[in-house]
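Peer 1: Here it is, the structure in full.
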Amino acid sequence: MSRPREFGPVQLARWLGLDHDQLRRALHRGLVPPPDIDDRKWSEALAKTLPERTEAILADLAAGPTPQDSPAPDQTPPPKKKTPGRRGSYGSVQLARLMGLKEWQVKRAAQRGLIPPPDIDGRRWSQHVAEALPEHAADVAREIGDHPGLGSQKAADRVAARTGLTVTRDDVAELAARGTLSPVGDYMGSALYSLRDLDALAEEHLAPVIEQRRAWIEASLTGKEAADLLGWSVGRFEVTAERHGLLPGRLDRYPRADVERLDETRAPG
């Protein structure tokens, strides 16, 4: 997988093959460690220590209730302190207003070097820098355009509507990985693609990507499908698979043939 996962209570319980009440009781009894990310989520590294302990956890819970099974009192975190605004400087919203542009255009212009980067704490523009920028607004608008671009799902929808092909967001990401399509920006870490580039995509570039995706899906299984095939929880499957060097490929799917070979190991517990 491209980045470590994080598990909330519902996701962790499902991953371990527990129900929510079992996870809650196990947590209060100390059978499951507390969340290690912001006191709300479990990291993937911590979660992977748990599948082999699931049967022992269930046995302990079956022994009967304990005082620790009572729900913990709700602890509402204290409100965050408000940070006062800085006078004499411009954030991206204020600078966009000064330049007669939209905020995303200002951010993208800074990323591309069309305007100077923020010179105060890497987030704000000082007054003397900001007030020299409106004269460059027309050049920025011409270079950046008037549409921020589409994320991978909407990009796929647009291409599918134009071509009549079944295009998915994964196909768009694959085209970008091959260099056929280049992001023009990002939103909260997700790539954005220009309308012009999407509308110029030729079917000869799309068809092989779509066919390879379909062939891979036919020959592979999701983690849940693999776990069901083996009769395991998803957590047990993923930890056992990783121990045997079996890692997910495209679309977080596992080769069916390798999963079937893994069945022969049948590690105890």
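If you're wondering about the labels, chains in the structure tokens are A, B, ... by order shown, residues count from 1 in each chain, ligands from 1 in order shown.
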Could you please write out, as a ChimeraX atom specification, every residue of range 15-246 of chain A that DSSP assigns to helix (DSSP H, G or I)?
Peer 2: /A:15-16,20-29,44-47,51-62,67-69,92-99,103-111,127-130,134-144,152-163,169-177,195-199,203-218,223-230,234-243
Peer 1: I'd like the contact shell of range 11-14 of chain A - 12 Å cut-off, only C-alpha atoms, skipping same-chain residues fewer than 2 positions apart - returned as a PyMOL selection string.
Peer 2: chain A and resi 5-9+16-27+32-35+40-44+46-51+54+224+232-236
Peer 1: Quick one: write out the picked residues with N, CA, C and O atoms as a short mmCIF file (atom, residue, chain, number, x, y, z; two decimals), in the first residue's frame?
Peer 2:
data_model
loop_
_atom_site.label_atom_id
_atom_site.label_comp_id
_atom_site.auth_asym_id
_atom_site.auth_seq_id
_atom_site.Cartn_x
_atom_site.Cartn_y
_atom_site.Cartn_z
N ARG A 5 -1.81 2.78 6.85
CA ARG A 5 -3.21 3.03 7.16
C ARG A 5 -3.39 3.44 8.61
O ARG A 5 -2.51 3.24 9.44
N GLU A 6 -4.55 3.99 8.90
CA GLU A 6 -4.96 4.31 10.27
C GLU A 6 -6.33 3.67 10.48
O GLU A 6 -7.17 3.67 9.59
N PHE A 7 -6.54 3.13 11.67
CA PHE A 7 -7.77 2.41 11.96
C PHE A 7 -8.54 3.12 13.07
O PHE A 7 -8.02 3.31 14.17
N GLY A 8 -9.78 3.50 12.80
CA GLY A 8 -10.69 3.93 13.84
C GLY A 8 -11.26 2.69 14.52
O GLY A 8 -11.02 1.56 14.09
N PRO A 9 -12.06 2.85 15.59
CA PRO A 9 -12.60 1.69 16.30
C PRO A 9 -13.41 0.76 15.42
O PRO A 9 -13.26 -0.46 15.51
N LEU A 16 -10.20 -7.09 12.70
CA LEU A 16 -9.83 -8.18 13.59
C LEU A 16 -10.90 -9.27 13.67
O LEU A 16 -10.70 -10.30 14.32
N GLY A 17 -12.06 -9.03 13.05
CA GLY A 17 -13.13 -10.00 13.14
C GLY A 17 -13.89 -9.92 14.45
O GLY A 17 -14.51 -10.91 14.88
N LEU A 18 -13.88 -8.75 15.10
CA LEU A 18 -14.61 -8.54 16.34
C LEU A 18 -15.81 -7.65 16.06
O LEU A 18 -15.89 -7.00 15.02
N ASP A 19 -16.76 -7.63 17.01
CA ASP A 19 -17.79 -6.61 16.90
C ASP A 19 -17.38 -5.42 17.76
O ASP A 19 -16.41 -5.48 18.53
N HIS A 20 -18.12 -4.31 17.62
CA HIS A 20 -17.71 -3.08 18.29
C HIS A 20 -17.70 -3.24 19.81
O HIS A 20 -16.80 -2.73 20.49
N ASP A 21 -18.68 -3.96 20.37
CA ASP A 21 -18.73 -4.13 21.82
C ASP A 21 -17.55 -4.95 22.31
O ASP A 21 -16.98 -4.66 23.37
N GLN A 22 -17.17 -5.97 21.56
CA GLN A 22 -16.01 -6.77 21.96
C GLN A 22 -14.74 -5.92 21.97
O GLN A 22 -13.91 -6.04 22.89
N LEU A 23 -14.58 -5.07 20.96
CA LEU A 23 -13.40 -4.21 20.94
C LEU A 23 -13.41 -3.24 22.11
O LEU A 23 -12.38 -3.01 22.75
N ARG A 24 -14.58 -2.67 22.40
CA ARG A 24 -14.67 -1.72 23.52
C ARG A 24 -14.28 -2.39 24.84
O ARG A 24 -13.49 -1.85 25.62
N ARG A 25 -14.81 -3.59 25.08
CA ARG A 25 -14.51 -4.29 26.33
C ARG A 25 -13.04 -4.69 26.39
O ARG A 25 -12.40 -4.58 27.44
N ALA A 26 -12.51 -5.13 25.25
CA ALA A 26 -11.10 -5.51 25.21
C ALA A 26 -10.20 -4.31 25.49
O ALA A 26 -9.18 -4.40 26.17
N LEU A 27 -10.60 -3.16 24.97
CA LEU A 27 -9.83 -1.94 25.19
C LEU A 27 -9.82 -1.55 26.66
O LEU A 27 -8.78 -1.22 27.23
N VAL A 32 -6.40 -4.84 24.43
CA VAL A 32 -6.02 -4.14 23.21
C VAL A 32 -5.39 -2.82 23.62
O VAL A 32 -5.95 -2.12 24.48
N PRO A 33 -4.22 -2.48 23.10
CA PRO A 33 -3.58 -1.22 23.49
C PRO A 33 -4.41 -0.02 23.04
O PRO A 33 -5.17 -0.11 22.07
N PRO A 34 -4.30 1.09 23.73
CA PRO A 34 -5.06 2.29 23.34
C PRO A 34 -4.56 2.85 22.01
O PRO A 34 -3.46 2.52 21.56
N PRO A 35 -5.37 3.66 21.36
CA PRO A 35 -4.96 4.26 20.08
C PRO A 35 -3.67 5.06 20.25
O PRO A 35 -3.47 5.73 21.26
N ARG A 40 -7.16 8.60 19.09
CA ARG A 40 -8.41 8.26 18.39
C ARG A 40 -8.25 7.09 17.42
O ARG A 40 -9.20 6.38 17.17
N LYS A 41 -7.05 6.91 16.88
CA LYS A 41 -6.86 5.87 15.87
C LYS A 41 -5.62 5.04 16.18
O LYS A 41 -4.70 5.49 16.86
N TRP A 42 -5.63 3.81 15.64
CA TRP A 42 -4.50 2.92 15.77
C TRP A 42 -3.68 2.96 14.49
O TRP A 42 -4.22 2.90 13.38
N SER A 43 -2.37 3.04 14.62
CA SER A 43 -1.50 3.00 13.45
C SER A 43 -1.50 1.59 12.87
O SER A 43 -1.82 0.61 13.55
N GLU A 44 -1.10 1.49 11.62
CA GLU A 44 -1.03 0.17 10.98
C GLU A 44 -0.02 -0.72 11.69
O GLU A 44 -0.26 -1.92 11.89
N LEU A 46 0.83 -0.75 14.86
CA LEU A 46 0.26 -1.28 16.10
C LEU A 46 -0.84 -2.30 15.81
O LEU A 46 -0.94 -3.34 16.46
N ALA A 47 -1.68 -2.01 14.82
CA ALA A 47 -2.78 -2.92 14.49
C ALA A 47 -2.25 -4.30 14.09
O ALA A 47 -2.86 -5.32 14.42
N LYS A 48 -1.11 -4.34 13.43
CA LYS A 48 -0.59 -5.61 12.96
C LYS A 48 -0.08 -6.51 14.07
O LYS A 48 0.21 -7.68 13.83
N THR A 49 0.03 -5.99 15.29
CA THR A 49 0.43 -6.83 16.42
C THR A 49 -0.76 -7.57 17.02
O THR A 49 -0.57 -8.41 17.91
N LEU A 50 -1.97 -7.31 16.54
CA LEU A 50 -3.17 -7.81 17.21
C LEU A 50 -3.81 -9.07 16.63
O LEU A 50 -4.40 -9.84 17.39
N PRO A 51 -3.80 -9.31 15.31
CA PRO A 51 -4.54 -10.47 14.79
C PRO A 51 -4.20 -11.80 15.45
O PRO A 51 -5.09 -12.62 15.70
N THR A 54 -6.11 -12.35 18.69
CA THR A 54 -7.56 -12.23 18.68
C THR A 54 -8.25 -13.37 19.43
O THR A 54 -9.17 -13.15 20.22
N LYS A 224 -10.31 -8.62 1.72
CA LYS A 224 -11.52 -9.23 2.26
C LYS A 224 -11.87 -10.51 1.51
O LYS A 224 -12.22 -11.53 2.12
N TRP A 232 -10.42 -16.74 7.24
CA TRP A 232 -9.72 -15.97 8.26
C TRP A 232 -10.35 -14.59 8.39
O TRP A 232 -11.12 -14.15 7.55
N SER A 233 -9.96 -13.88 9.47
CA SER A 233 -10.28 -12.45 9.54
C SER A 233 -9.36 -11.71 8.58
O SER A 233 -8.30 -12.23 8.19
N VAL A 234 -9.75 -10.50 8.21
CA VAL A 234 -8.90 -9.71 7.32
C VAL A 234 -7.56 -9.42 7.96
O VAL A 234 -6.50 -9.48 7.32
N GLY A 235 -7.58 -9.12 9.26
CA GLY A 235 -6.33 -8.83 9.96
C GLY A 235 -5.39 -10.02 9.94
O GLY A 235 -4.18 -9.88 9.69
N ARG A 236 -5.92 -11.21 10.23
CA ARG A 236 -5.06 -12.39 10.22
C ARG A 236 -4.50 -12.65 8.84
O ARG A 236 -3.32 -12.99 8.68
#
Peer 1: Need to verify the contact set: Val259 in chain A, 9 Å, only C-alpha atoms, exclusion of same-chain residues closer than 4 positions in sequence. Can you return it as a list in words?
Peer 2: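 These residues fall inside the cut-off: Ser220, Leu221, Ala226, Leu229, Leu230, Ala241, Leu246, Tyr254, Pro255 and Asp263 of chain A.
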Peer 1: Residues of the last selection are to be written out with N, CA, C and O atoms, as a PDB file, in the first residue's frame.
Peer 2:
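The resulting file, out-v5.pdb, is reproduced below:
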ATOM      1  N   SER A 220      -7.029 -11.478  -9.440  1.00  0.00           N
ATOM      2  CA  SER A 220      -6.619 -11.060  -8.100  1.00  0.00           C
ATOM      3  C   SER A 220      -7.812 -11.004  -7.156  1.00  0.00           C
ATOM      4  O   SER A 220      -8.962 -11.154  -7.560  1.00  0.00           O
ATOM      5  N   LEU A 221      -7.506 -10.781  -5.879  1.00  0.00           N
ATOM      6  CA  LEU A 221      -8.519 -10.720  -4.823  1.00  0.00           C
ATOM      7  C   LEU A 221      -8.242  -9.536  -3.918  1.00  0.00           C
ATOM      8  O   LEU A 221      -7.081  -9.176  -3.688  1.00  0.00           O
ATOM      9  N   ALA A 226      -9.787 -12.433  -0.123  1.00  0.00           N
ATOM     10  CA  ALA A 226      -8.780 -13.435   0.213  1.00  0.00           C
ATOM     11  C   ALA A 226      -9.041 -14.026   1.599  1.00  0.00           C
ATOM     12  O   ALA A 226      -8.929 -15.239   1.802  1.00  0.00           O
ATOM     13  N   LEU A 229     -11.887 -16.415   1.432  1.00  0.00           N
ATOM     14  CA  LEU A 229     -11.484 -17.654   0.782  1.00  0.00           C
ATOM     15  C   LEU A 229     -10.776 -18.585   1.765  1.00  0.00           C
ATOM     16  O   LEU A 229     -10.976 -19.802   1.747  1.00  0.00           O
ATOM     17  N   LEU A 230      -9.964 -18.000   2.647  1.00  0.00           N
ATOM     18  CA  LEU A 230      -9.192 -18.794   3.608  1.00  0.00           C
ATOM     19  C   LEU A 230      -9.953 -19.071   4.897  1.00  0.00           C
ATOM     20  O   LEU A 230      -9.507 -19.882   5.715  1.00  0.00           O
ATOM     21  N   ALA A 241      -0.031 -12.874   5.351  1.00  0.00           N
ATOM     22  CA  ALA A 241       0.453 -12.638   3.993  1.00  0.00           C
ATOM     23  C   ALA A 241       1.761 -11.862   4.000  1.00  0.00           C
ATOM     24  O   ALA A 241       2.710 -12.210   3.286  1.00  0.00           O
ATOM     25  N   LEU A 246       3.925 -11.771   0.856  1.00  0.00           N
ATOM     26  CA  LEU A 246       2.845 -11.509  -0.090  1.00  0.00           C
ATOM     27  C   LEU A 246       2.250 -10.139   0.197  1.00  0.00           C
ATOM     28  O   LEU A 246       1.571  -9.941   1.200  1.00  0.00           O
ATOM     29  N   TYR A 254      -4.483  -8.779  -4.219  1.00  0.00           N
ATOM     30  CA  TYR A 254      -3.469  -9.826  -4.127  1.00  0.00           C
ATOM     31  C   TYR A 254      -3.654 -10.841  -5.262  1.00  0.00           C
ATOM     32  O   TYR A 254      -4.790 -11.196  -5.588  1.00  0.00           O
ATOM     33  N   PRO A 255      -2.558 -11.327  -5.849  1.00  0.00           N
ATOM     34  CA  PRO A 255      -2.690 -12.357  -6.886  1.00  0.00           C
ATOM     35  C   PRO A 255      -3.420 -13.582  -6.338  1.00  0.00           C
ATOM     36  O   PRO A 255      -3.045 -14.118  -5.294  1.00  0.00           O
ATOM     37  N   ASP A 263      -2.797 -20.613   1.389  1.00  0.00           N
ATOM     38  CA  ASP A 263      -3.722 -21.482   2.099  1.00  0.00           C
ATOM     39  C   ASP A 263      -3.015 -22.748   2.584  1.00  0.00           C
ATOM     40  O   ASP A 263      -3.375 -23.329   3.604  1.00  0.00           O
TER      41      ASP A 263
END
Peer 1: Among the residues of range 123-220 of chain A, find those DSSP assigns to strand (DSSP E or B) from the backbone and print them as a VMD selection string.
Peer 2: chain A and resid 124 to 126 150 185 to 187 190 to 193 220
Peer 1: Please produce a file of those selected residues containing N, CA, C and O atoms, as a PDB file, in the first residue's frame.
Peer 2:
ATOM      1  N   ARG A 124       2.287  33.409   5.045  1.00  0.00           N
ATOM      2  CA  ARG A 124       1.696  34.717   4.749  1.00  0.00           C
ATOM      3  C   ARG A 124       2.697  35.582   3.988  1.00  0.00           C
ATOM      4  O   ARG A 124       3.918  35.387   4.086  1.00  0.00           O
ATOM      5  N   TRP A 125       2.138  36.552   3.251  1.00  0.00           N
ATOM      6  CA  TRP A 125       2.965  37.490   2.500  1.00  0.00           C
ATOM      7  C   TRP A 125       3.012  38.811   3.260  1.00  0.00           C
ATOM      8  O   TRP A 125       1.968  39.327   3.718  1.00  0.00           O
ATOM      9  N   SER A 126       4.198  39.352   3.390  1.00  0.00           N
ATOM     10  CA  SER A 126       4.329  40.651   4.045  1.00  0.00           C
ATOM     11  C   SER A 126       3.689  41.728   3.172  1.00  0.00           C
ATOM     12  O   SER A 126       3.504  41.543   1.961  1.00  0.00           O
ATOM     13  N   LEU A 150      -9.680  18.861 -12.127  1.00  0.00           N
ATOM     14  CA  LEU A 150     -10.543  17.841 -11.545  1.00  0.00           C
ATOM     15  C   LEU A 150      -9.724  16.785 -10.829  1.00  0.00           C
ATOM     16  O   LEU A 150      -8.627  16.424 -11.267  1.00  0.00           O
ATOM     17  N   GLY A 185      -1.953  20.478 -10.391  1.00  0.00           N
ATOM     18  CA  GLY A 185      -2.005  20.982  -9.025  1.00  0.00           C
ATOM     19  C   GLY A 185      -2.489  19.883  -8.111  1.00  0.00           C
ATOM     20  O   GLY A 185      -2.558  18.712  -8.502  1.00  0.00           O
ATOM     21  N   ASP A 186      -2.804  20.260  -6.891  1.00  0.00           N
ATOM     22  CA  ASP A 186      -3.337  19.274  -5.967  1.00  0.00           C
ATOM     23  C   ASP A 186      -4.292  19.940  -4.997  1.00  0.00           C
ATOM     24  O   ASP A 186      -4.256  21.164  -4.798  1.00  0.00           O
ATOM     25  N   TYR A 187      -5.141  19.138  -4.413  1.00  0.00           N
ATOM     26  CA  TYR A 187      -6.074  19.605  -3.392  1.00  0.00           C
ATOM     27  C   TYR A 187      -6.010  18.632  -2.232  1.00  0.00           C
ATOM     28  O   TYR A 187      -6.339  17.455  -2.377  1.00  0.00           O
ATOM     29  N   SER A 190      -4.300  15.436  -3.048  1.00  0.00           N
ATOM     30  CA  SER A 190      -4.786  14.664  -4.192  1.00  0.00           C
ATOM     31  C   SER A 190      -4.552  15.444  -5.482  1.00  0.00           C
ATOM     32  O   SER A 190      -4.793  16.648  -5.533  1.00  0.00           O
ATOM     33  N   ALA A 191      -4.085  14.746  -6.506  1.00  0.00           N
ATOM     34  CA  ALA A 191      -3.737  15.399  -7.776  1.00  0.00           C
ATOM     35  C   ALA A 191      -4.970  15.937  -8.483  1.00  0.00           C
ATOM     36  O   ALA A 191      -6.062  15.372  -8.397  1.00  0.00           O
ATOM     37  N   LEU A 192      -4.768  17.042  -9.197  1.00  0.00           N
ATOM     38  CA  LEU A 192      -5.810  17.645 -10.029  1.00  0.00           C
ATOM     39  C   LEU A 192      -5.325  17.661 -11.477  1.00  0.00           C
ATOM     40  O   LEU A 192      -4.133  17.881 -11.744  1.00  0.00           O
ATOM     41  N   TYR A 193      -6.264  17.447 -12.406  1.00  0.00           N
ATOM     42  CA  TYR A 193      -5.924  17.371 -13.823  1.00  0.00           C
ATOM     43  C   TYR A 193      -6.720  18.402 -14.601  1.00  0.00           C
ATOM     44  O   TYR A 193      -7.911  18.616 -14.338  1.00  0.00           O
ATOM     45  N   SER A 220      -7.029 -11.478  -9.440  1.00  0.00           N
ATOM     46  CA  SER A 220      -6.619 -11.060  -8.100  1.00  0.00           C
ATOM     47  C   SER A 220      -7.812 -11.004  -7.156  1.00  0.00           C
ATOM     48  O   SER A 220      -8.962 -11.154  -7.560  1.00  0.00           O
TER      49      SER A 220
END
Peer 1: Just the number, please: distance in Å from CA of Pro183 in chain A to CA of His136 in chain A, one decimal.
Peer 2: 23.8 Å
Peer 1: Identify, on the basis of only C-alpha atoms, every residue whose closest approach to Glu174 in chain A does not exceed 9 Å; exclude the query and any residue fewer than 6 positions from it along the same chain; express the result as a PyMOL selection string.
Peer 2: chain A and resi 180-181+209
Peer 1: May I have the selected residues written with N, CA, C and O atoms, as a JSON list (two decimals), in the first residue's frame?
Peer 2:
[["chain", "number", "residue", "atom", "x", "y", "z"],
["A", 180, "THR", "N", 1.51, 9.86, -19.28],
["A", 180, "THR", "CA", 0.56, 10.24, -20.33],
["A", 180, "THR", "C", -0.26, 11.44, -19.92],
["A", 180, "THR", "O", -0.69, 12.26, -20.75],
["A", 181, "LEU", "N", -0.49, 11.57, -18.61],
["A", 181, "LEU", "CA", -1.29, 12.65, -18.05],
["A", 181, "LEU", "C", -0.52, 13.26, -16.89],
["A", 181, "LEU", "O", 0.02, 12.53, -16.06],
["A", 209, "VAL", "N", -4.79, 0.65, -20.81],
["A", 209, "VAL", "CA", -4.85, 0.80, -19.34],
["A", 209, "VAL", "C", -6.12, 0.14, -18.80],
["A", 209, "VAL", "O", -6.09, -0.55, -17.78]]
Peer 1: To one decimal in Å, tell me the separation between CA of Met99 in chain A and CA of Pro134 in chain A.
Peer 2: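 These two atoms are separated by 4.5 Å.
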Peer 1: Take CA of Ser89 in chain A and CA of Ala141 in chain A and report the distance between them in Å, one decimal.
Peer 2: 22.4 Å
Peer 1: Name the residues in contact with Leu198 in chain A at a cut-off of 8 Å, using only C-alpha atoms, excluding same-chain residues fewer than 6 positions from it; report them as a short mmCIF file (atom, residue, chain, number, x, y, z; two decimals) with all heavy atoms, in the first residue's frame.
Peer 2:
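Wrote it out as around_9.cif, contents follow:
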data_model
loop_
_atom_site.label_atom_id
_atom_site.label_comp_id
_atom_site.auth_asym_id
_atom_site.auth_seq_id
_atom_site.Cartn_x
_atom_site.Cartn_y
_atom_site.Cartn_z
N ALA A 155 -12.29 13.40 -13.00
CA ALA A 155 -11.56 13.32 -14.26
C ALA A 155 -11.96 12.06 -15.02
O ALA A 155 -12.19 12.09 -16.24
CB ALA A 155 -10.06 13.31 -13.99
N ARG A 158 -15.38 12.50 -16.52
CA ARG A 158 -15.39 13.38 -17.69
C ARG A 158 -14.89 12.63 -18.93
O ARG A 158 -15.49 12.73 -20.02
CB ARG A 158 -14.51 14.60 -17.42
CG ARG A 158 -14.53 15.63 -18.56
CD ARG A 158 -13.64 16.83 -18.24
NE ARG A 158 -13.67 17.83 -19.29
CZ ARG A 158 -14.49 18.88 -19.35
NH1 ARG A 158 -15.39 19.03 -18.40
NH2 ARG A 158 -14.44 19.73 -20.34
N VAL A 159 -13.80 11.87 -18.76
CA VAL A 159 -13.26 11.13 -19.90
C VAL A 159 -14.23 10.04 -20.34
O VAL A 159 -14.42 9.80 -21.54
CB VAL A 159 -11.89 10.52 -19.53
CG1 VAL A 159 -11.37 9.65 -20.66
CG2 VAL A 159 -10.88 11.64 -19.22
N LEU A 181 -0.49 11.57 -18.61
CA LEU A 181 -1.29 12.65 -18.05
C LEU A 181 -0.52 13.26 -16.89
O LEU A 181 0.02 12.53 -16.06
CB LEU A 181 -2.64 12.09 -17.57
CG LEU A 181 -3.71 13.07 -17.10
CD1 LEU A 181 -4.17 13.96 -18.25
CD2 LEU A 181 -4.91 12.29 -16.56
#
